[in-house]
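Dropping run.csv in here (CSV, C-alpha atoms):
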```
chain,number,residue,atom,x,y,z
A,1,MET,CA,17.0,-21.7,-8.1
A,2,SER,CA,16.2,-18.9,-5.6
A,3,GLY,CA,15.9,-15.2,-5.4
A,4,ILE,CA,16.8,-12.4,-3.0
A,5,TYR,CA,14.7,-9.3,-2.3
A,6,LEU,CA,16.0,-6.2,-0.5
A,7,HIS,CA,13.5,-3.7,0.9
A,8,ILE,CA,14.7,-0.1,0.8
A,9,PRO,CA,12.2,1.7,3.0
A,10,PHE,CA,12.6,5.3,1.9
A,11,CYS,CA,10.5,7.6,-0.3
A,12,LYS,CA,10.6,11.3,-1.2
A,13,ARG,CA,6.9,11.6,-0.5
A,14,ALA,CA,4.0,9.4,0.4
A,15,CYS,CA,1.7,8.4,-2.5
A,16,TYR,CA,-1.8,8.6,-1.2
A,17,TYR,CA,-2.7,5.0,-2.2
A,18,CYS,CA,0.5,3.2,-0.9
A,19,ASN,CA,0.4,0.9,2.1
A,20,PHE,CA,4.0,-0.5,1.8
A,21,HIS,CA,6.4,0.1,4.6
A,22,PHE,CA,8.5,3.3,4.1
A,23,SER,CA,9.7,6.5,5.6
A,24,THR,CA,9.9,10.0,4.0
A,25,SER,CA,12.9,10.8,6.2
A,26,LEU,CA,16.3,9.9,4.7
A,27,ALA,CA,18.1,10.6,8.0
A,28,GLY,CA,18.6,6.9,8.7
A,29,LYS,CA,19.6,5.9,5.2
A,30,GLU,CA,23.3,5.2,6.0
A,31,ALA,CA,22.4,3.2,9.1
A,32,MET,CA,19.9,1.2,7.1
A,33,VAL,CA,22.4,0.3,4.4
A,34,ASN,CA,24.9,-0.8,7.0
A,35,SER,CA,22.2,-2.9,8.6
A,36,LEU,CA,21.3,-4.5,5.3
A,37,LEU,CA,25.0,-5.4,4.8
A,38,GLU,CA,25.0,-7.0,8.2
A,39,GLU,CA,21.7,-8.9,7.7
A,40,ILE,CA,23.2,-10.4,4.5
A,41,THR,CA,25.8,-12.0,6.8
A,42,LEU,CA,23.3,-13.1,9.4
A,43,GLN,CA,21.1,-14.7,6.8
A,44,LYS,CA,23.9,-16.4,4.8
A,45,ASP,CA,22.6,-19.9,5.4
A,46,TYR,CA,18.9,-19.3,4.8
A,47,LEU,CA,19.0,-20.5,1.1
A,48,GLY,CA,21.4,-23.4,1.8
A,49,GLN,CA,23.4,-24.1,-1.3
A,50,GLU,CA,20.8,-22.9,-3.8
A,51,PRO,CA,22.2,-20.7,-6.6
A,52,VAL,CA,20.7,-17.2,-6.7
A,53,HIS,CA,19.2,-16.3,-10.1
A,54,THR,CA,17.4,-13.1,-9.3
A,55,ILE,CA,18.1,-10.1,-7.0
A,56,TYR,CA,15.4,-7.4,-6.6
A,57,PHE,CA,15.7,-4.0,-5.0
A,58,GLY,CA,12.2,-3.0,-3.9
A,59,GLY,CA,10.6,-0.6,-1.5
A,60,GLY,CA,10.0,2.2,-0.9
A,61,THR,CA,12.1,3.8,-3.6
A,62,PRO,CA,15.4,2.0,-4.0
A,63,SER,CA,16.6,4.5,-6.6
A,64,LEU,CA,17.1,6.9,-3.7
A,65,LEU,CA,20.2,5.0,-2.9
A,66,ASP,CA,23.3,6.2,-4.6
A,67,ALA,CA,25.3,3.9,-6.9
A,68,GLY,CA,28.0,3.4,-4.3
A,69,GLU,CA,25.4,2.1,-1.7
A,70,LEU,CA,23.8,-0.2,-4.3
A,71,HIS,CA,27.3,-1.4,-5.4
A,72,GLY,CA,28.2,-2.2,-1.8
A,73,LEU,CA,25.1,-4.3,-1.3
A,74,LEU,CA,25.6,-6.2,-4.6
A,75,THR,CA,29.2,-6.9,-3.8
A,76,LYS,CA,28.3,-8.3,-0.4
A,77,LEU,CA,25.5,-10.4,-1.9
A,78,ARG,CA,27.9,-11.9,-4.5
A,79,ALA,CA,30.5,-12.6,-1.8
A,80,THR,CA,28.0,-14.3,0.4
A,81,PHE,CA,25.8,-16.2,-2.0
A,82,SER,CA,26.2,-18.2,-5.2
A,83,VAL,CA,24.9,-15.6,-7.5
A,84,ALA,CA,24.6,-16.8,-11.1
A,85,ALA,CA,26.6,-14.9,-13.7
A,86,ASP,CA,23.5,-14.2,-15.7
A,87,ALA,CA,21.3,-13.2,-12.7
A,88,GLU,CA,18.4,-10.9,-13.3
A,89,ILE,CA,19.1,-7.8,-11.1
A,90,THR,CA,16.2,-5.4,-10.9
A,91,LEU,CA,16.0,-2.0,-9.4
A,92,GLU,CA,12.6,-0.3,-8.7
A,93,ALA,CA,13.0,3.4,-9.6
A,94,ASN,CA,11.0,6.6,-9.9
A,95,PRO,CA,11.3,8.6,-13.1
A,96,ASP,CA,12.6,11.7,-11.3
A,97,ASP,CA,15.6,9.7,-9.9
A,98,LEU,CA,16.8,8.4,-13.3
A,99,THR,CA,19.2,11.0,-14.5
A,100,ALA,CA,21.8,10.3,-17.2
A,101,ASP,CA,24.6,10.0,-14.7
A,102,LYS,CA,22.6,7.8,-12.4
A,103,LEU,CA,21.7,5.4,-15.2
A,104,VAL,CA,25.3,5.1,-16.4
A,105,MET,CA,26.4,4.2,-12.8
A,106,LEU,CA,23.5,1.7,-12.4
A,107,LYS,CA,24.6,0.0,-15.6
A,108,GLU,CA,28.2,-0.1,-14.5
A,109,ILE,CA,27.5,-1.8,-11.1
A,110,GLY,CA,25.4,-4.6,-12.7
A,111,ILE,CA,21.8,-3.5,-12.5
A,112,ASN,CA,20.3,-5.0,-15.7
A,113,ARG,CA,16.6,-4.5,-15.3
A,114,LEU,CA,14.6,-1.4,-14.3
A,115,SER,CA,11.1,-1.4,-12.9
A,116,ILE,CA,9.9,2.2,-13.3
A,117,GLY,CA,6.9,3.5,-11.3
A,118,ILE,CA,5.3,5.5,-14.1
A,119,GLN,CA,1.7,4.9,-12.8
A,120,SER,CA,0.2,7.3,-15.5
A,121,PHE,CA,1.4,9.5,-18.4
A,122,HIS,CA,-1.3,12.0,-17.4
A,123,GLU,CA,-0.5,14.9,-15.2
A,124,ALA,CA,-3.9,15.0,-13.4
A,125,ASP,CA,-3.5,11.4,-12.3
A,126,LEU,CA,0.0,12.0,-11.0
A,127,VAL,CA,-1.1,15.0,-9.0
A,128,TRP,CA,-4.1,13.2,-7.6
A,129,MET,CA,-1.8,10.3,-6.5
A,130,ASN,CA,0.7,12.7,-5.0
A,131,ARG,CA,3.5,11.3,-7.1
A,132,ALA,CA,6.9,12.9,-7.0
A,133,HIS,CA,7.4,13.0,-10.8
A,134,ASN,CA,5.4,14.7,-13.6
A,135,SER,CA,4.2,13.4,-17.0
A,136,GLN,CA,7.1,14.7,-19.0
A,137,GLN,CA,9.6,12.9,-16.7
A,138,ALA,CA,7.6,9.7,-17.1
A,139,LEU,CA,8.3,9.9,-20.9
A,140,ASN,CA,11.8,11.2,-20.7
A,141,CYS,CA,13.1,8.6,-18.3
A,142,ILE,CA,12.2,5.7,-20.6
A,143,GLN,CA,14.0,7.3,-23.5
A,144,LEU,CA,17.0,8.1,-21.3
A,145,ALA,CA,17.2,4.6,-19.9
A,146,ARG,CA,17.3,3.2,-23.4
A,147,GLU,CA,20.0,5.6,-24.5
A,148,LYS,CA,22.1,4.4,-21.6
A,149,GLY,CA,21.7,0.7,-22.5
A,150,PHE,CA,18.7,-0.5,-20.6
A,151,GLU,CA,16.4,-2.7,-22.7
A,152,ASN,CA,14.9,-4.9,-20.0
A,153,LEU,CA,12.3,-2.4,-18.7
A,154,THR,CA,9.0,-2.8,-17.0
A,155,ILE,CA,6.7,0.0,-16.0
A,156,ASP,CA,3.8,0.1,-13.5
A,157,LEU,CA,0.4,1.6,-14.5
A,158,ILE,CA,-2.6,2.1,-12.2
A,159,TYR,CA,-6.2,1.9,-13.5
A,160,GLY,CA,-9.6,2.5,-12.1
A,161,GLY,CA,-8.8,5.9,-10.4
A,162,PRO,CA,-11.4,8.7,-10.3
A,163,THR,CA,-9.3,11.0,-12.5
A,164,LEU,CA,-8.6,8.4,-15.2
A,165,SER,CA,-11.3,8.3,-17.9
A,166,ASP,CA,-11.6,5.3,-20.3
A,167,GLU,CA,-10.0,7.5,-23.0
A,168,ASP,CA,-7.1,8.4,-20.8
A,169,TRP,CA,-6.6,4.8,-19.8
A,170,GLU,CA,-6.4,3.8,-23.4
A,171,GLN,CA,-3.9,6.6,-24.1
A,172,ASN,CA,-1.7,5.3,-21.2
A,173,VAL,CA,-1.7,1.7,-22.5
A,174,GLN,CA,-1.2,2.7,-26.1
A,175,GLN,CA,1.6,5.0,-25.1
A,176,ALA,CA,3.4,2.0,-23.4
A,177,ILE,CA,2.8,-0.1,-26.5
A,178,ALA,CA,4.1,2.6,-28.8
A,179,LEU,CA,7.2,3.0,-26.7
A,180,GLY,CA,7.8,-0.8,-27.0
A,181,ILE,CA,8.0,-1.4,-23.3
A,182,PRO,CA,8.6,-5.1,-23.0
A,183,HIS,CA,6.9,-5.7,-19.7
A,184,LEU,CA,3.9,-4.0,-18.0
A,185,SER,CA,2.6,-4.4,-14.4
A,186,CYS,CA,-0.9,-3.0,-14.2
A,187,TYR,CA,-2.8,-2.7,-11.0
A,188,ALA,CA,-6.3,-1.6,-10.0
A,189,LEU,CA,-6.4,1.3,-7.6
A,190,THR,CA,-7.3,-0.2,-4.2
A,191,VAL,CA,-8.1,1.6,-1.0
A,192,GLU,CA,-6.0,0.1,1.8
A,193,PRO,CA,-6.7,0.8,5.5
A,194,GLY,CA,-4.3,3.3,7.0
A,195,THR,CA,-3.4,5.1,3.8
A,196,ALA,CA,-4.0,8.7,3.0
A,197,LEU,CA,-6.5,7.7,0.3
A,198,GLY,CA,-8.5,5.6,2.8
A,199,HIS,CA,-8.6,8.6,5.2
A,200,PHE,CA,-9.6,11.1,2.5
A,201,ILE,CA,-12.4,8.8,1.3
A,202,LYS,CA,-13.6,8.2,4.8
A,203,LYS,CA,-13.7,12.0,5.4
A,204,LYS,CA,-15.5,12.4,2.0
A,205,LYS,CA,-12.6,14.6,0.8
A,206,MET,CA,-12.1,12.2,-2.2
A,207,ALA,CA,-14.6,10.2,-4.2
A,208,PRO,CA,-14.6,6.4,-3.5
A,209,THR,CA,-13.2,4.1,-6.1
A,210,ASP,CA,-15.6,2.5,-8.7
A,211,PRO,CA,-15.2,-1.3,-8.9
A,212,ASP,CA,-17.2,-1.3,-12.2
A,213,LYS,CA,-14.7,1.1,-13.8
A,214,ALA,CA,-11.8,-0.9,-12.6
A,215,ALA,CA,-13.3,-4.1,-14.1
A,216,ARG,CA,-14.0,-2.3,-17.3
A,217,HIS,CA,-10.4,-1.0,-17.5
A,218,PHE,CA,-9.0,-4.5,-16.8
A,219,GLU,CA,-11.1,-6.0,-19.6
A,220,MET,CA,-9.9,-3.2,-22.0
A,221,LEU,CA,-6.3,-3.8,-20.9
A,222,MET,CA,-6.5,-7.5,-21.7
A,223,GLN,CA,-7.9,-6.8,-25.1
A,224,TRP,CA,-5.4,-4.1,-26.1
A,225,LEU,CA,-2.3,-5.9,-24.9
A,226,GLU,CA,-3.3,-9.2,-26.5
A,227,ALA,CA,-3.8,-7.4,-29.8
A,228,ALA,CA,-0.3,-5.9,-29.4
A,229,GLY,CA,1.3,-9.3,-28.9
A,230,TYR,CA,1.8,-9.3,-25.1
A,231,GLU,CA,1.4,-12.4,-23.1
A,232,HIS,CA,-0.9,-12.1,-20.0
A,233,TYR,CA,1.2,-14.5,-17.9
A,234,GLU,CA,0.0,-13.4,-14.5
A,235,ILE,CA,-3.1,-11.4,-13.5
A,236,SER,CA,-1.4,-8.1,-13.2
A,237,ASN,CA,1.6,-8.8,-15.5
A,238,PHE,CA,2.0,-8.7,-19.3
A,239,ALA,CA,5.1,-9.2,-21.3
A,240,LEU,CA,6.3,-9.5,-24.9
A,241,PRO,CA,7.6,-13.0,-25.6
A,242,GLY,CA,10.9,-13.6,-23.7
A,243,TRP,CA,10.5,-10.7,-21.3
A,244,HIS,CA,8.8,-12.3,-18.3
A,245,SER,CA,10.0,-11.2,-14.9
A,246,ARG,CA,12.2,-14.0,-13.7
A,247,HIS,CA,12.1,-12.7,-10.1
A,248,ASN,CA,8.3,-12.4,-9.7
A,249,SER,CA,7.8,-15.6,-11.6
A,250,SER,CA,9.8,-17.4,-8.9
A,251,TYR,CA,7.2,-16.2,-6.3
A,252,TRP,CA,4.3,-17.6,-8.3
A,253,GLN,CA,6.2,-20.9,-8.9
A,254,GLY,CA,6.8,-21.4,-5.2
A,255,LYS,CA,10.6,-21.0,-5.4
A,256,SER,CA,12.6,-20.2,-2.3
A,257,TYR,CA,13.5,-16.5,-1.7
A,258,LEU,CA,15.2,-14.5,1.0
A,259,GLY,CA,13.9,-11.1,2.0
A,260,LEU,CA,16.3,-8.5,3.6
A,261,GLY,CA,15.3,-5.3,5.3
A,262,PRO,CA,12.4,-4.1,7.4
A,263,SER,CA,9.0,-5.7,6.4
A,264,ALA,CA,10.7,-8.1,3.9
A,265,HIS,CA,9.3,-11.7,3.7
A,266,SER,CA,11.3,-14.9,3.2
A,267,PHE,CA,10.0,-18.3,2.1
A,268,ASN,CA,11.7,-21.7,1.9
A,269,GLY,CA,8.8,-24.0,1.0
A,270,ILE,CA,8.0,-25.2,4.5
A,271,SER,CA,7.9,-21.9,6.4
A,272,ARG,CA,7.5,-18.2,5.9
A,273,GLN,CA,9.0,-15.4,7.9
A,274,TRP,CA,8.8,-11.6,7.9
A,275,ASN,CA,11.0,-8.9,9.3
A,276,ILE,CA,9.7,-6.2,11.6
A,277,ALA,CA,8.2,-3.2,9.8
A,278,ASN,CA,9.9,-0.6,11.8
A,279,ASN,CA,13.1,1.0,10.7
A,280,ALA,CA,14.5,2.0,14.1
A,281,GLN,CA,13.7,-1.4,15.7
A,282,TYR,CA,15.1,-3.2,12.7
A,283,ILE,CA,18.4,-1.3,12.9
A,284,LYS,CA,18.7,-1.7,16.6
A,285,SER,CA,18.1,-5.5,16.5
A,286,ILE,CA,20.6,-6.0,13.6
A,287,THR,CA,23.3,-4.1,15.5
A,288,THR,CA,23.0,-6.7,18.3
A,289,GLY,CA,23.4,-9.5,15.8
A,290,LYS,CA,19.7,-10.6,15.6
A,291,VAL,CA,17.3,-10.5,12.7
A,292,PRO,CA,14.0,-9.3,14.1
A,293,PHE,CA,11.4,-11.6,12.4
A,294,GLU,CA,8.4,-13.6,13.1
A,295,MET,CA,7.9,-17.0,11.5
A,296,GLU,CA,5.1,-19.5,10.7
A,297,SER,CA,5.4,-23.1,9.7
A,298,LEU,CA,3.2,-24.0,6.8
A,299,THR,CA,0.7,-26.8,7.3
A,300,THR,CA,-0.2,-29.0,4.3
A,301,SER,CA,-3.5,-27.1,3.9
A,302,MET,CA,-1.6,-23.8,4.0
A,303,GLN,CA,0.9,-25.0,1.3
A,304,PHE,CA,-2.0,-26.3,-0.8
A,305,ASN,CA,-4.0,-23.1,-0.5
A,306,GLU,CA,-0.9,-20.9,-1.2
A,307,TYR,CA,-0.2,-22.9,-4.4
A,308,ILE,CA,-3.8,-22.5,-5.6
A,309,MET,CA,-3.7,-18.8,-4.9
A,310,THR,CA,-0.5,-18.2,-6.8
A,311,ALA,CA,-0.8,-20.7,-9.6
A,312,LEU,CA,-4.3,-19.7,-10.5
A,313,ARG,CA,-3.1,-16.2,-11.0
A,314,THR,CA,-0.8,-17.4,-13.8
A,315,SER,CA,-1.5,-18.4,-17.4
A,316,ALA,CA,0.0,-21.8,-16.6
A,317,GLY,CA,-2.6,-22.4,-14.0
A,318,CYS,CA,-2.7,-25.3,-11.4
A,319,GLN,CA,-0.7,-28.3,-12.6
A,320,LEU,CA,-2.7,-31.4,-11.5
A,321,GLU,CA,0.3,-33.7,-11.9
A,322,TRP,CA,2.3,-31.5,-9.5
A,323,VAL,CA,-0.6,-31.3,-7.1
A,324,ALA,CA,-0.8,-35.1,-7.1
A,325,GLU,CA,3.0,-35.5,-6.4
A,326,LYS,CA,3.0,-32.9,-3.7
A,327,PHE,CA,-0.4,-33.5,-2.0
A,328,GLY,CA,-1.8,-36.8,-3.2
A,329,ALA,CA,-4.6,-38.0,-5.5
A,330,ASP,CA,-7.4,-37.2,-3.1
A,331,LEU,CA,-6.7,-33.5,-3.2
A,332,VAL,CA,-6.4,-33.6,-7.0
A,333,ASN,CA,-9.9,-35.2,-7.2
A,334,GLN,CA,-11.3,-32.6,-4.7
A,335,LEU,CA,-9.7,-29.8,-6.7
A,336,ILE,CA,-11.2,-31.1,-10.0
A,337,ALA,CA,-14.6,-31.5,-8.4
A,338,ASN,CA,-14.7,-28.1,-6.8
A,339,SER,CA,-13.7,-26.4,-10.1
A,340,GLN,CA,-16.6,-27.8,-12.0
A,341,SER,CA,-19.0,-25.1,-11.2
A,342,PHE,CA,-16.5,-22.4,-12.3
A,343,ILE,CA,-15.9,-24.4,-15.5
A,344,ARG,CA,-19.7,-24.5,-16.2
A,345,MET,CA,-19.8,-20.7,-15.6
A,346,GLY,CA,-17.0,-20.1,-18.1
A,347,ARG,CA,-14.6,-18.8,-15.5
A,348,MET,CA,-12.2,-21.7,-15.5
A,349,GLU,CA,-11.1,-24.3,-18.1
A,350,ARG,CA,-9.2,-27.5,-18.0
A,351,VAL,CA,-6.4,-27.6,-20.6
A,352,GLY,CA,-4.6,-30.9,-20.6
A,353,ASP,CA,-3.2,-31.4,-17.1
A,354,ALA,CA,-3.9,-27.8,-16.0
A,355,LEU,CA,-6.8,-26.0,-14.4
A,356,ARG,CA,-6.7,-22.3,-15.3
A,357,LEU,CA,-8.8,-19.1,-15.3
A,358,THR,CA,-10.5,-17.9,-18.5
A,359,LYS,CA,-10.4,-14.2,-19.4
A,360,ALA,CA,-13.8,-13.8,-17.6
A,361,GLY,CA,-12.5,-15.7,-14.6
A,362,ARG,CA,-9.5,-13.4,-14.2
A,363,LEU,CA,-11.9,-10.7,-12.9
A,364,PHE,CA,-12.7,-13.0,-10.0
A,365,ALA,CA,-9.3,-14.6,-9.3
A,366,ASP,CA,-9.2,-14.2,-5.6
A,367,GLY,CA,-12.7,-15.3,-5.0
A,368,ILE,CA,-12.4,-18.4,-7.1
A,369,ALA,CA,-9.1,-19.3,-5.4
A,370,GLY,CA,-10.7,-18.9,-2.0
A,371,ASP,CA,-13.5,-21.3,-3.0
A,372,LEU,CA,-11.0,-23.9,-4.0
A,373,PHE,CA,-9.1,-23.8,-0.7
A,374,ILE,CA,-9.2,-26.7,1.7
```

What do you get writing this file as structure tokens?
Amino acid sequence: MSGIYLHIPFCKRACYYCNFHFSTSLAGKEAMVNSLLEEITLQKDYLGQEPVHTIYFGGGTPSLLDAGELHGLLTKLRATFSVAADAEITLEANPDDLTADKLVMLKEIGINRLSIGIQSFHEADLVWMNRAHNSQQALNCIQLAREKGFENLTIDLIYGGPTLSDEDWEQNVQQAIALGIPHLSCYALTVEPGTALGHFIKKKKMAPTDPDKAARHFEMLMQWLEAAGYEHYEISNFALPGWHSRHNSSYWQGKSYLGLGPSAHSFNGISRQWNIANNAQYIKSITTGKVPFEMESLTTSMQFNEYIMTALRTSAGCQLEWVAEKFGADLVNQLIANSQSFIRMGRMERVGDALRLTKAGRLFADGIAGDLFI
């Protein structure tokens, strides 16, 4: 089982916090789509004979593509790869792009899951983030999507920002619960180098982020969503039973995936590769019949560390039997020994054949994983 990710590197405007690869100029959109179609052909052998169970249009803002462009890409993917009949096909979308006509066309071409970048239901937060939509559009698009037949919905929410009070954060989460959104991806506001937010904070034009507030919001989030029946199946992801993201779960489970488009990553278990993060250079290279990527082969220690990093973020945790089969008994014993201090601190627990984080440990996931690396 494998997945395919397509990076659509265009946005209407630059959100202050975003460090993903994108351009706010749509001048090269047609050339980019043509290049993606060509890369599909060039990468036709990457996944071998593995069936494709998930397709994910990410970005950027993939909803800026029209239905014809998306349909062309899906048609080419189905003709090139063995795409399962029940494949999960996700489109990331901004609320302001989801008109009634657009939603009807998306449904007709086979999109069956929408990942909507809500971020907040409060106007002040959206203005501060420089989002392209407003709070009313955030609410309206969910209702409209449901009216047009989309039940498999996920929304993004951001917490820990300076304009978001504890009360506003609770209203955001409770609004999502009240709307019956089956899947939520919730992220702490982070300041990435090279972003507008990083520049503004450095120039003291914006207040720095507050890690204590972010931790508090995360703890509140876990409490509210657990009470509402959501499963906290990955550090940033919560779902009602039966609504886990199949595509993102494949990343955390170490499945193979192919990334198409500028900056997209691919992984086949033994190596990782990533395309150049430059639209013009990507298009130029593809037109000559070459995918512009760099690659690294993964050593045993890199594979082990990657497994620890991803598995520990999930509710399933690190499966000791799988570690033994893949890496040997010595590394299992080392992992168990190194986890003991975190177990005594109440940040990890052993449940059967799995080592996993406790609620308290989820606040320190990256640090704990780093300490368990070899």

Each residue of stretch 11-42 of chain A with at least one atom at most 7 Å from stretch 255-272 of chain A should appear once, together with its nearest atom pair and the corresponding distance in Å (one decimal); atoms considered: only C-alpha atoms; ordering: chain, then increasing residue number; output as CSV.
```
residue,atom,partner,partner_atom,distance
A:His21,CA,A:Ser263,CA,6.6
A:Leu36,CA,A:Gly261,CA,6.1
A:Glu39,CA,A:Leu260,CA,6.8
```

Which residue of A:Leu355, A:Asn275, A:Tyr230, A:Gly254 approaches A:Tyr307 most closely, using only C-alpha atoms: A:Gly254

Which residues of stretch 188-272 of chain A come within 10 Å of stretch 316-329 of chain A, and what is each one's closest atom pair and distance in Å (one decimal), counting all atoms listed in the file, sorted by chain and residue number, as JSON lines?
```
{"residue": "A:Tyr233", "atom": "CA", "partner": "A:Ala316", "partner_atom": "CA", "distance": 7.5}
{"residue": "A:Glu234", "atom": "CA", "partner": "A:Ala316", "partner_atom": "CA", "distance": 8.7}
{"residue": "A:Gln253", "atom": "CA", "partner": "A:Ala316", "partner_atom": "CA", "distance": 9.9}
```

Given only C-alpha atoms as the counted atoms, nearest of A:Ala239, A:Leu126, A:Cys11, A:Leu331 to A:Leu153: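 Answer, going by the shortest atom-to-atom distance: A:Ala239.
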
Straight-line distance linking atom CA of A:Asn305 with atom CA of A:Leu335, stated in Å to one decimal: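 Straight-line distance from atom CA of A:Asn305 to atom CA of A:Leu335 works out to 10.8 Å.
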
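Using all atoms listed in the file, the residues found no farther than 9 Å from A:Lys12, other than those of its own chain fewer than 2 positions away, are Phe10, Ala14, Ser23, Thr24, Ser25, Leu26, Thr61, Leu64 and Ala132 of chain A.
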
Atom-to-atom span, atom CA of A:Ser250 and atom CA of A:Leu312, Å: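 Atom-to-atom, atom CA of A:Ser250 and atom CA of A:Leu312 are spaced 14.4 Å apart.
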
From A:Leu221, A:Lys213, A:Ile368, A:Gly160, residue lying nearest A:Val191 [all atoms listed in the file]: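 So, comparing all the options, the nearest one is A:Gly160.
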
For atom CA of A:Leu65 and atom CA of A:Leu37, the interatomic separation in Å (one decimal): 13.8 Å

Among listed residues A:Glu294, A:Asp371, A:Glu50, A:Asp366, nearest A:Gln340 (using only C-alpha atoms): A:Asp371

Nearest to A:Ile142 by atom-to-atom distance, counting all atoms listed in the file, from A:Leu157, A:Ala176, A:Ile336, A:Val127: A:Ala176
